[in-house]
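Here's the structure, in structure tokens; my notes come after.
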2 protein chains.
Amino acid sequence: VSRLREEIAEQPAVLQRLLAEQTPAIEALAGGLRDQPPRFALIAARGSSDNVARYAQHVLGHLCRIPVALAAPSLHTLYGTPPRLDGALVIGISQSGASPDVTTVVADAAAQAQVTIAITNDRDSPMARAARHVIELGTGEERSVAATMTYTASLGAVAALAAALAGAQHLRDELDRAPEAVAAQLEQPVDRAAERAARWERCAVIGRGANYGTAFEAALKIKELTGIAAEPYSPPDLMHGPVAVLGPGHPLLAFAAAGPAAAGVDEAVEEARRRGAEAIVAAPDTAAHLPLVPMPEWLSPLGAVIPAQLLAAELAERRGVEVDRPFGLTKVTRTT
Amino acid sequence: VSRLREEIAEQPAVLQRLLAEQTPAIEALAGGLRDQPPRFALIAARGSSDNVARYAQHVLGHLCRIPVALAAPSLHTLYGTPPRLDGALVIGISQSGASPDVTTVVADAAAQAQVTIAITNDRDSPMARAARHVIELGTGEERSVAATMTYTASLGAVAALAAALAGAQHLRDELDRAPEAVAAQLEQPVDRAAERAARWERCAVIGRGANYGTAFEAALKIKELTGIAAEPYSPPDLMHGPVAVLGPGHPLLAFAAAGPAAAGVDEAVEEARRRGAEAIVAAPDTAAHLPLVPMPEWLSPLGAVIPAQLLAAELAERRGVEVDRPFGLTKVTRTT
């Protein structure tokens with residue numbers, strides 16, 4: 001069995017351990033922030049971690065009413081013109097903590113005396129050393145190039161931070177039950193979907209609200225593991241032009257977790273089918289191609305990413321890709 | 001000749017008119033903001049206007065040190081949990097001003113008594129009526145579905161706002177010379193590039209810094225006009241996984257305007273070629289596939305989008321697409 005498959009299977013335990021070990025530090029950190037709430041958050045991240053940042057924009061906005069900006073690292077690294085960050089909460093998300101761009105954003109914020117948090121597997125990394133606070137993912141070494149358990153752990157860290165900032169016990173209770181739902185999600189079959197997608201060479205992937213980041217992470221897993229050109233969108237962004245590419249030979253993968261965002265996803269699926277495009281839908285419905293285990297919507301990305309990972313792994317195996325080190329990618333990508 | 005070709009050709013005049021007519025209002029608005037600088041900006045937009053927002057994130061950060069967040073409209077429209085916007089400058093960008101999602105973000109900011117600006121062609125639109133300030137694009141009716149002159153006018157409005165907020169005369173002078181450079185860019189040939197791209201079915205598009213938004217706009221024009229699946233990235237985002245899709249049959253289109261971002265674009269082009277992918281490069285070099293007329297980097301997106309528009313139009317015509325109304329798209333897309 002591949003390391004990828006092993007790491008996918010470890011995710012419920014990884015999430016449970018993260019919550020057990022990091023909750024006290026997250027609660028303490030949130031207590032300080034509740035006394036002096038940030039005007040906005042700025043998040044620096046790349047790759048899968050950037051998809052966690054997309055989730056953070058939703059959940060910190062939705063539960064905590066904090067506006068979230070995703071950093072433009074080039075302003076910090078190439079142009080030497082970092083924005084003024086008065087009143088900001090600055091978060092770096094990086095498994096390795098080693099990428100110079102993400103580290104520089106955190107360091108610039110620290111130099112401006114703003115509150116900084118590093119979410120990382122390595123508390124001795126440059127990014128962690130630059131930050132005032134560290135949330136350790138504690139996944140142990142992730143050896144497969146495609147991030148799975150560090151993605152889930154980072155999502156869990158952001159969810160825990162949002163629940164703590166919101167200061168609502170029922171959110172904490174819901175989060176504590178998430179590992180069990182993720183374990184149940186791992187038992188759901190993806191073979192019907194894999195059979196349908198077996199000959200795909202390109203596709204669009206959609207999700208919205210809590211699962212906007214899920215669409216991006218699903219597309220990234222599919223691209224890096226299978227080489228299929230999968231492009232992510234929110235349903236409105238798809239409708240503003242890119243819908244033109246859908247049709248026979250350009251199918252759609254849709255994430256429709258229960259919640260206010262589901263109706264718009266369903267409408268986009270209908271439009272895709274009207275244009276002759278095949279569609280695979282992940283939804284909390286046992287008849288769906290990818291059945292989702294029901295979870296509170298704000299936590300549903302923890303479950304919804306599982307069928308995306310399993311589908312990408314299954315398609316990669318069918319294509320004969322070396323799944324632990326696909327397409328000559330390396331585990332740590334150092335960009336500026 | 002198509003309306004699309006006519007509207008592409010009108011862009012230097014459109015830009016010149018915008019600068020002549022709107023500069024006094026923009027200077028007045030910026031004067032007020034300089035007295036009470038915003039902590040951050042929040043921009044709501046869709047489609048081509050969202051690519052203008054990507055430019056705004058660069059230029060307001062680079063010239064004015066203002067951090068910029070791109071809105072998550074679902075928080076406003078679907079979830080009813082708009083973020084707290086204390087100290088924000090909120091900008092809506094929409095040619096029609098008619099899309100409910102963008103209008104709702106502006107209206108929520110106005111309800112929180114924040115400074116709001118509508119950048120639009122229609123000062124009687126719902127978005128314009130919701131905003132405190134209006135910058136009128138004044139392009140006249142854009143009849144081709146694919147936005148070209150409204151994109152350029154919106155870029156110009158954002159550039160003028162950034163120059164006014166920075167309060168630097170040399171920036172204003174540079175901007176005043178931009179229409180002439182855009183006119184010169186329209187004379188540059190795209191036929192060598194179109195010949196190379198004639199059989200493309202998918203591609204990646206890259207740009208960074210000032211031209212991050214250019215990559216997104218080029219990809220959008222190619223998608224909506226030709227049906228080619230073009231996916232935009234910054235070079236570092238490409239390297240964090242998606243580079244796996246590049247190879248024979250999955251080429252790259254790269255925007256390398258002169259400036260700090262060019263080196264990273266060039267490196268990504270080399271990596272693409274190493275993987276066997278064909279590459280078309282837009283650069284300020286008469287030997288480039290797409291030669292760019294030299295412009296100050298912060299204004300280079302006004303020029304760099306021209307070859308992208310011309311290439312998309314040329315490819316669409318070769319494919320027999322009805323370019324003024326491609327793939328059943330409509331001019332005004334009303335999303336929530």
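Residue numbering restarts at 1 for every chain of the structure tokens, chains are lettered A, B, ... in their displayed order, and ligands are numbered from 1 as they appear.
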Find the residues near A:Ile119: any atom within 9 Å, counting only C-alpha atoms, skip ones fewer than 2 places away on the same chain, and give them as a VMD selection string.
chain A and resid 91 to 95 97 117 121 to 123 127 to 128 133 to 137 154 157 to 158
Write out the residues from the selection above, keeping N, CA and C atoms, as a PDB file, in the first residue's frame.
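Heads up, here's the output in part.pdb:
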ATOM      1  N   ILE A  91      -1.453  35.258   9.724  1.00  0.00           N
ATOM      2  CA  ILE A  91      -1.322  33.805   9.892  1.00  0.00           C
ATOM      3  C   ILE A  91      -0.540  33.235   8.720  1.00  0.00           C
ATOM      4  N   GLY A  92       0.513  32.485   9.022  1.00  0.00           N
ATOM      5  CA  GLY A  92       1.225  31.727   8.003  1.00  0.00           C
ATOM      6  C   GLY A  92       0.847  30.262   8.131  1.00  0.00           C
ATOM      7  N   ILE A  93       0.551  29.618   7.024  1.00  0.00           N
ATOM      8  CA  ILE A  93       0.213  28.188   7.052  1.00  0.00           C
ATOM      9  C   ILE A  93       1.185  27.471   6.123  1.00  0.00           C
ATOM     10  N   SER A  94       1.990  26.586   6.682  1.00  0.00           N
ATOM     11  CA  SER A  94       2.957  25.840   5.878  1.00  0.00           C
ATOM     12  C   SER A  94       3.375  24.600   6.646  1.00  0.00           C
ATOM     13  N   GLN A  95       3.183  23.444   6.048  1.00  0.00           N
ATOM     14  CA  GLN A  95       3.591  22.182   6.665  1.00  0.00           C
ATOM     15  C   GLN A  95       5.041  22.252   7.092  1.00  0.00           C
ATOM     16  N   GLY A  97       7.067  24.966   6.994  1.00  0.00           N
ATOM     17  CA  GLY A  97       7.516  26.250   7.530  1.00  0.00           C
ATOM     18  C   GLY A  97       8.776  26.755   6.866  1.00  0.00           C
ATOM     19  N   ILE A 117       0.641  34.223  13.843  1.00  0.00           N
ATOM     20  CA  ILE A 117       0.460  32.803  14.182  1.00  0.00           C
ATOM     21  C   ILE A 117       1.056  31.965  13.059  1.00  0.00           C
ATOM     22  N   ASN A 121       4.012  22.040  10.866  1.00  0.00           N
ATOM     23  CA  ASN A 121       4.458  20.780  11.460  1.00  0.00           C
ATOM     24  C   ASN A 121       5.778  20.944  12.195  1.00  0.00           C
ATOM     25  N   ASP A 122       6.483  22.049  11.960  1.00  0.00           N
ATOM     26  CA  ASP A 122       7.853  22.154  12.458  1.00  0.00           C
ATOM     27  C   ASP A 122       8.035  23.441  13.254  1.00  0.00           C
ATOM     28  N   ARG A 123       8.034  23.300  14.580  1.00  0.00           N
ATOM     29  CA  ARG A 123       8.113  24.515  15.402  1.00  0.00           C
ATOM     30  C   ARG A 123       9.514  25.125  15.384  1.00  0.00           C
ATOM     31  N   MET A 127       9.551  29.884   9.509  1.00  0.00           N
ATOM     32  CA  MET A 127       8.256  30.548   9.682  1.00  0.00           C
ATOM     33  C   MET A 127       7.825  30.533  11.135  1.00  0.00           C
ATOM     34  N   ALA A 128       7.999  29.395  11.818  1.00  0.00           N
ATOM     35  CA  ALA A 128       7.585  29.297  13.225  1.00  0.00           C
ATOM     36  C   ALA A 128       8.426  30.229  14.086  1.00  0.00           C
ATOM     37  N   HIS A 133       3.070  33.219  17.885  1.00  0.00           N
ATOM     38  CA  HIS A 133       2.381  32.008  18.340  1.00  0.00           C
ATOM     39  C   HIS A 133       2.559  30.887  17.317  1.00  0.00           C
ATOM     40  N   VAL A 134       2.622  29.655  17.809  1.00  0.00           N
ATOM     41  CA  VAL A 134       2.729  28.507  16.906  1.00  0.00           C
ATOM     42  C   VAL A 134       1.614  27.514  17.230  1.00  0.00           C
ATOM     43  N   ILE A 135       0.907  27.078  16.194  1.00  0.00           N
ATOM     44  CA  ILE A 135       0.002  25.932  16.342  1.00  0.00           C
ATOM     45  C   ILE A 135       0.671  24.771  15.606  1.00  0.00           C
ATOM     46  N   GLU A 136       1.016  23.738  16.376  1.00  0.00           N
ATOM     47  CA  GLU A 136       1.741  22.608  15.780  1.00  0.00           C
ATOM     48  C   GLU A 136       0.765  21.584  15.230  1.00  0.00           C
ATOM     49  N   LEU A 137       0.977  21.185  13.997  1.00  0.00           N
ATOM     50  CA  LEU A 137       0.074  20.222  13.379  1.00  0.00           C
ATOM     51  C   LEU A 137       0.261  18.830  13.963  1.00  0.00           C
ATOM     52  N   SER A 154      -4.401  21.169   9.266  1.00  0.00           N
ATOM     53  CA  SER A 154      -4.435  22.630   9.158  1.00  0.00           C
ATOM     54  C   SER A 154      -5.875  23.138   9.165  1.00  0.00           C
ATOM     55  N   ALA A 157      -6.990  23.043  12.686  1.00  0.00           N
ATOM     56  CA  ALA A 157      -6.409  24.134  13.472  1.00  0.00           C
ATOM     57  C   ALA A 157      -7.179  25.431  13.241  1.00  0.00           C
ATOM     58  N   VAL A 158      -7.521  25.688  11.976  1.00  0.00           N
ATOM     59  CA  VAL A 158      -8.275  26.905  11.654  1.00  0.00           C
ATOM     60  C   VAL A 158      -9.687  26.827  12.243  1.00  0.00           C
TER      61      VAL A 158
END
Using only C-alpha atoms, find which residues of chain B lie within 7 Å of chain A and jot them down as number ranges by chain.
B: 39, 46-47, 61-62, 65-70, 74-75, 78-79, 81-84, 86, 209, 220, 223-224, 227-229, 231, 236-237, 240-242, 244-245, 260-261, 327, 329, 333, 335
Could you write those residues out with N, CA and C atoms, as a tab-separated table (two decimals), in the first residue's frame?
chain	number	residue	atom	x	y	z
B	39	ARG	N	-7.58	51.21	6.85
B	39	ARG	CA	-6.73	50.14	7.36
B	39	ARG	C	-6.50	49.09	6.28
B	46	ARG	N	-16.66	40.28	-10.05
B	46	ARG	CA	-16.75	38.96	-10.68
B	46	ARG	C	-16.15	39.04	-12.08
B	47	GLY	N	-15.72	37.91	-12.59
B	47	GLY	CA	-15.27	37.84	-13.97
B	47	GLY	C	-14.09	38.76	-14.23
B	61	GLY	N	-1.30	47.90	-2.78
B	61	GLY	CA	-0.28	47.44	-1.84
B	61	GLY	C	1.07	48.07	-2.16
B	62	HIS	N	1.45	48.01	-3.42
B	62	HIS	CA	2.79	48.44	-3.82
B	62	HIS	C	2.97	49.95	-3.70
B	65	ARG	N	0.66	50.97	0.09
B	65	ARG	CA	0.83	50.12	1.28
B	65	ARG	C	-0.50	49.75	1.94
B	66	ILE	N	-1.56	49.68	1.13
B	66	ILE	CA	-2.87	49.28	1.66
B	66	ILE	C	-3.07	47.78	1.42
B	67	PRO	N	-3.30	47.01	2.49
B	67	PRO	CA	-3.61	45.59	2.28
B	67	PRO	C	-4.99	45.45	1.64
B	68	VAL	N	-5.12	44.52	0.73
B	68	VAL	CA	-6.37	44.36	-0.03
B	68	VAL	C	-6.90	42.94	0.12
B	69	ALA	N	-8.17	42.84	0.50
B	69	ALA	CA	-8.87	41.56	0.54
B	69	ALA	C	-9.87	41.51	-0.60
B	70	LEU	N	-9.95	40.37	-1.27
B	70	LEU	CA	-11.02	40.17	-2.25
B	70	LEU	C	-12.19	39.56	-1.50
B	74	SER	N	-20.42	35.30	-0.69
B	74	SER	CA	-21.40	34.40	-0.07
B	74	SER	C	-21.64	34.76	1.39
B	75	LEU	N	-20.64	35.30	2.08
B	75	LEU	CA	-20.84	35.71	3.48
B	75	LEU	C	-21.91	36.79	3.58
B	78	LEU	N	-25.47	34.73	0.97
B	78	LEU	CA	-26.06	33.44	1.31
B	78	LEU	C	-26.12	33.20	2.80
B	79	TYR	N	-25.11	33.69	3.53
B	79	TYR	CA	-25.00	33.36	4.95
B	79	TYR	C	-25.53	34.48	5.84
B	81	THR	N	-23.87	36.89	7.06
B	81	THR	CA	-22.89	37.20	8.11
B	81	THR	C	-21.75	38.03	7.52
B	82	PRO	N	-22.07	39.26	7.11
B	82	PRO	CA	-21.00	40.11	6.57
B	82	PRO	C	-19.95	40.39	7.64
B	83	PRO	N	-18.67	40.40	7.25
B	83	PRO	CA	-17.62	40.74	8.23
B	83	PRO	C	-17.76	42.17	8.71
B	84	ARG	N	-17.18	42.43	9.89
B	84	ARG	CA	-17.09	43.81	10.41
B	84	ARG	C	-16.05	44.55	9.61
B	86	ASP	N	-14.85	47.85	9.98
B	86	ASP	CA	-14.31	49.09	10.56
B	86	ASP	C	-12.97	49.44	9.91
B	209	GLY	N	2.99	39.72	-9.72
B	209	GLY	CA	3.12	41.13	-9.35
B	209	GLY	C	2.03	41.92	-10.04
B	220	LEU	N	-9.15	33.98	-18.85
B	220	LEU	CA	-10.60	34.13	-18.98
B	220	LEU	C	-10.99	34.45	-20.42
B	223	LYS	N	-10.66	31.29	-22.44
B	223	LYS	CA	-11.74	30.33	-22.15
B	223	LYS	C	-13.04	30.75	-22.78
B	224	GLU	N	-13.46	31.99	-22.55
B	224	GLU	CA	-14.80	32.38	-22.99
B	224	GLU	C	-14.88	32.58	-24.50
B	227	GLY	N	-13.00	28.43	-25.87
B	227	GLY	CA	-13.29	27.13	-25.27
B	227	GLY	C	-12.05	26.36	-24.86
B	228	ILE	N	-10.86	26.90	-25.11
B	228	ILE	CA	-9.62	26.27	-24.63
B	228	ILE	C	-9.58	26.40	-23.11
B	229	ALA	N	-9.25	25.30	-22.42
B	229	ALA	CA	-9.22	25.31	-20.95
B	229	ALA	C	-7.90	25.91	-20.50
B	231	GLU	N	-5.80	27.77	-17.57
B	231	GLU	CA	-5.85	28.00	-16.13
B	231	GLU	C	-4.72	28.92	-15.68
B	236	PRO	N	4.89	30.89	-8.45
B	236	PRO	CA	5.04	30.02	-7.27
B	236	PRO	C	3.83	29.10	-7.08
B	237	ASP	N	2.63	29.59	-7.34
B	237	ASP	CA	1.46	28.71	-7.20
B	237	ASP	C	1.54	27.56	-8.20
B	240	HIS	N	3.84	24.85	-6.84
B	240	HIS	CA	3.35	24.08	-5.69
B	240	HIS	C	2.33	23.04	-6.12
B	241	GLY	N	2.63	22.22	-7.10
B	241	GLY	CA	1.75	21.10	-7.46
B	241	GLY	C	1.26	21.10	-8.89
B	242	PRO	N	0.57	22.19	-9.34
B	242	PRO	CA	-0.05	22.15	-10.67
B	242	PRO	C	0.92	21.97	-11.82
B	244	ALA	N	2.59	19.72	-12.36
B	244	ALA	CA	2.46	18.32	-12.77
B	244	ALA	C	1.68	18.14	-14.06
B	245	VAL	N	0.77	19.06	-14.37
B	245	VAL	CA	-0.05	18.88	-15.58
B	245	VAL	C	0.68	19.32	-16.85
B	260	PRO	N	10.49	43.27	-11.23
B	260	PRO	CA	10.96	42.25	-10.30
B	260	PRO	C	10.32	40.87	-10.49
B	261	ALA	N	9.15	40.82	-11.13
B	261	ALA	CA	8.46	39.53	-11.27
B	261	ALA	C	8.93	38.73	-12.47
B	327	PHE	N	-20.46	30.80	-27.18
B	327	PHE	CA	-20.87	29.70	-26.30
B	327	PHE	C	-22.12	30.00	-25.48
B	329	LEU	N	-23.01	32.61	-23.94
B	329	LEU	CA	-22.85	33.48	-22.76
B	329	LEU	C	-23.71	34.74	-22.93
B	333	THR	N	-24.30	38.99	-16.15
B	333	THR	CA	-24.51	37.75	-15.40
B	333	THR	C	-24.90	38.14	-13.98
B	335	THR	N	-25.41	37.04	-10.51
B	335	THR	CA	-25.19	35.97	-9.53
B	335	THR	C	-25.36	36.53	-8.13
When DSSP is applied to the backbone of this structure, which of stretch 10-225 of chain B are assigned strand (DSSP E or B)? Write them out as a ChimeraX atom specification.
/B:40-45,68-70,88-93,115-120,133-136,202-206
Skip B:Leu18 itself and residues of its chain fewer than 3 positions away, then list as a ChimeraX atom specification all residues within 10 Å of it, counting only C-alpha atoms.
/B:12-15,21-23,135-139,152-154,156-157,160
Once you have the residues from the selection above, write them out as a PDB file, in the first residue's frame, restricted to N, CA and C atoms.
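This is the output file again-v4.pdb:
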ATOM      1  N   PRO B  12      -7.404  52.550 -26.395  1.00  0.00           N
ATOM      2  CA  PRO B  12      -6.614  53.760 -26.075  1.00  0.00           C
ATOM      3  C   PRO B  12      -7.503  54.991 -25.884  1.00  0.00           C
ATOM      4  N   ALA B  13      -8.504  55.155 -26.742  1.00  0.00           N
ATOM      5  CA  ALA B  13      -9.405  56.305 -26.618  1.00  0.00           C
ATOM      6  C   ALA B  13     -10.241  56.221 -25.342  1.00  0.00           C
ATOM      7  N   VAL B  14     -10.689  55.005 -25.040  1.00  0.00           N
ATOM      8  CA  VAL B  14     -11.481  54.805 -23.818  1.00  0.00           C
ATOM      9  C   VAL B  14     -10.664  55.193 -22.587  1.00  0.00           C
ATOM     10  N   LEU B  15      -9.406  54.777 -22.577  1.00  0.00           N
ATOM     11  CA  LEU B  15      -8.535  55.064 -21.436  1.00  0.00           C
ATOM     12  C   LEU B  15      -8.263  56.559 -21.322  1.00  0.00           C
ATOM     13  N   GLU B  21     -11.901  62.569 -17.919  1.00  0.00           N
ATOM     14  CA  GLU B  21     -13.194  62.870 -17.285  1.00  0.00           C
ATOM     15  C   GLU B  21     -13.236  62.566 -15.793  1.00  0.00           C
ATOM     16  N   GLN B  22     -12.503  61.537 -15.361  1.00  0.00           N
ATOM     17  CA  GLN B  22     -12.678  61.077 -13.979  1.00  0.00           C
ATOM     18  C   GLN B  22     -11.566  61.530 -13.030  1.00  0.00           C
ATOM     19  N   THR B  23     -10.485  62.059 -13.561  1.00  0.00           N
ATOM     20  CA  THR B  23      -9.377  62.418 -12.673  1.00  0.00           C
ATOM     21  C   THR B  23      -9.780  63.410 -11.579  1.00  0.00           C
ATOM     22  N   ILE B 135     -17.005  56.023  -9.645  1.00  0.00           N
ATOM     23  CA  ILE B 135     -16.086  56.314 -10.746  1.00  0.00           C
ATOM     24  C   ILE B 135     -16.722  55.718 -11.997  1.00  0.00           C
ATOM     25  N   GLU B 136     -17.077  56.609 -12.933  1.00  0.00           N
ATOM     26  CA  GLU B 136     -17.771  56.144 -14.141  1.00  0.00           C
ATOM     27  C   GLU B 136     -16.772  55.735 -15.211  1.00  0.00           C
ATOM     28  N   LEU B 137     -16.967  54.570 -15.757  1.00  0.00           N
ATOM     29  CA  LEU B 137     -16.034  54.087 -16.779  1.00  0.00           C
ATOM     30  C   LEU B 137     -16.209  54.840 -18.092  1.00  0.00           C
ATOM     31  N   GLY B 138     -17.445  55.195 -18.414  1.00  0.00           N
ATOM     32  CA  GLY B 138     -17.688  56.042 -19.573  1.00  0.00           C
ATOM     33  C   GLY B 138     -17.259  55.432 -20.897  1.00  0.00           C
ATOM     34  N   THR B 139     -17.341  54.117 -21.017  1.00  0.00           N
ATOM     35  CA  THR B 139     -16.893  53.486 -22.267  1.00  0.00           C
ATOM     36  C   THR B 139     -17.950  53.551 -23.349  1.00  0.00           C
ATOM     37  N   THR B 152     -10.101  47.454 -19.456  1.00  0.00           N
ATOM     38  CA  THR B 152      -9.037  48.461 -19.526  1.00  0.00           C
ATOM     39  C   THR B 152      -9.424  49.738 -18.785  1.00  0.00           C
ATOM     40  N   ALA B 153     -10.670  50.162 -18.949  1.00  0.00           N
ATOM     41  CA  ALA B 153     -11.121  51.365 -18.241  1.00  0.00           C
ATOM     42  C   ALA B 153     -11.100  51.143 -16.727  1.00  0.00           C
ATOM     43  N   SER B 154     -11.498  49.952 -16.286  1.00  0.00           N
ATOM     44  CA  SER B 154     -11.488  49.665 -14.846  1.00  0.00           C
ATOM     45  C   SER B 154     -10.057  49.630 -14.310  1.00  0.00           C
ATOM     46  N   GLY B 156      -7.619  51.326 -15.548  1.00  0.00           N
ATOM     47  CA  GLY B 156      -7.211  52.724 -15.527  1.00  0.00           C
ATOM     48  C   GLY B 156      -7.762  53.449 -14.313  1.00  0.00           C
ATOM     49  N   ALA B 157      -9.010  53.153 -13.954  1.00  0.00           N
ATOM     50  CA  ALA B 157      -9.619  53.793 -12.784  1.00  0.00           C
ATOM     51  C   ALA B 157      -8.861  53.414 -11.518  1.00  0.00           C
ATOM     52  N   ALA B 160      -5.466  55.140 -11.527  1.00  0.00           N
ATOM     53  CA  ALA B 160      -5.611  56.558 -11.183  1.00  0.00           C
ATOM     54  C   ALA B 160      -5.873  56.731  -9.689  1.00  0.00           C
TER      55      ALA B 160
END
So that I can see what lies close to B:Ala164, please list as a list of chain:residue names the residues with an atom at most 9 Å from it, counting only C-alpha atoms and leaving out residues fewer than 6 positions away in the same chain.
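So, after excluding close chain neighbours, the residues are B:Thr23, B:Ile26, B:Glu27, B:Ala28, B:Leu29, B:Ala30, B:Gly31, B:Leu171, B:Arg172.
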Between atom CA of B:His289 and atom CA of B:Thr148, what is the distance in Å, rounded to a tenth?
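The value is 21.5 Å.
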For B:Ala181: contacts at 10 Å, only C-alpha atoms, fewer than 5 positions along chain excluded, given as a list in words:
Pro12, Leu186, Leu292, Val293, Pro294, Met295, Leu299, Ser300, Leu302 and Gly303 of chain B
Preceding selection exported with C-alpha atoms as a tab-separated table (two decimals), in the first residue's frame:
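Okay, this is what ended up in result_23.tsv:
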chain	number	residue	atom	x	y	z
B	12	PRO	CA	-6.61	53.76	-26.08
B	186	LEU	CA	-2.30	47.33	-30.63
B	292	LEU	CA	5.31	44.01	-25.31
B	293	VAL	CA	5.69	47.75	-25.75
B	294	PRO	CA	7.81	48.96	-22.79
B	295	MET	CA	5.76	50.65	-20.04
B	299	LEU	CA	1.01	50.28	-15.70
B	300	SER	CA	2.16	47.34	-17.81
B	302	LEU	CA	-2.80	48.04	-19.53
B	303	GLY	CA	-0.51	47.01	-22.36
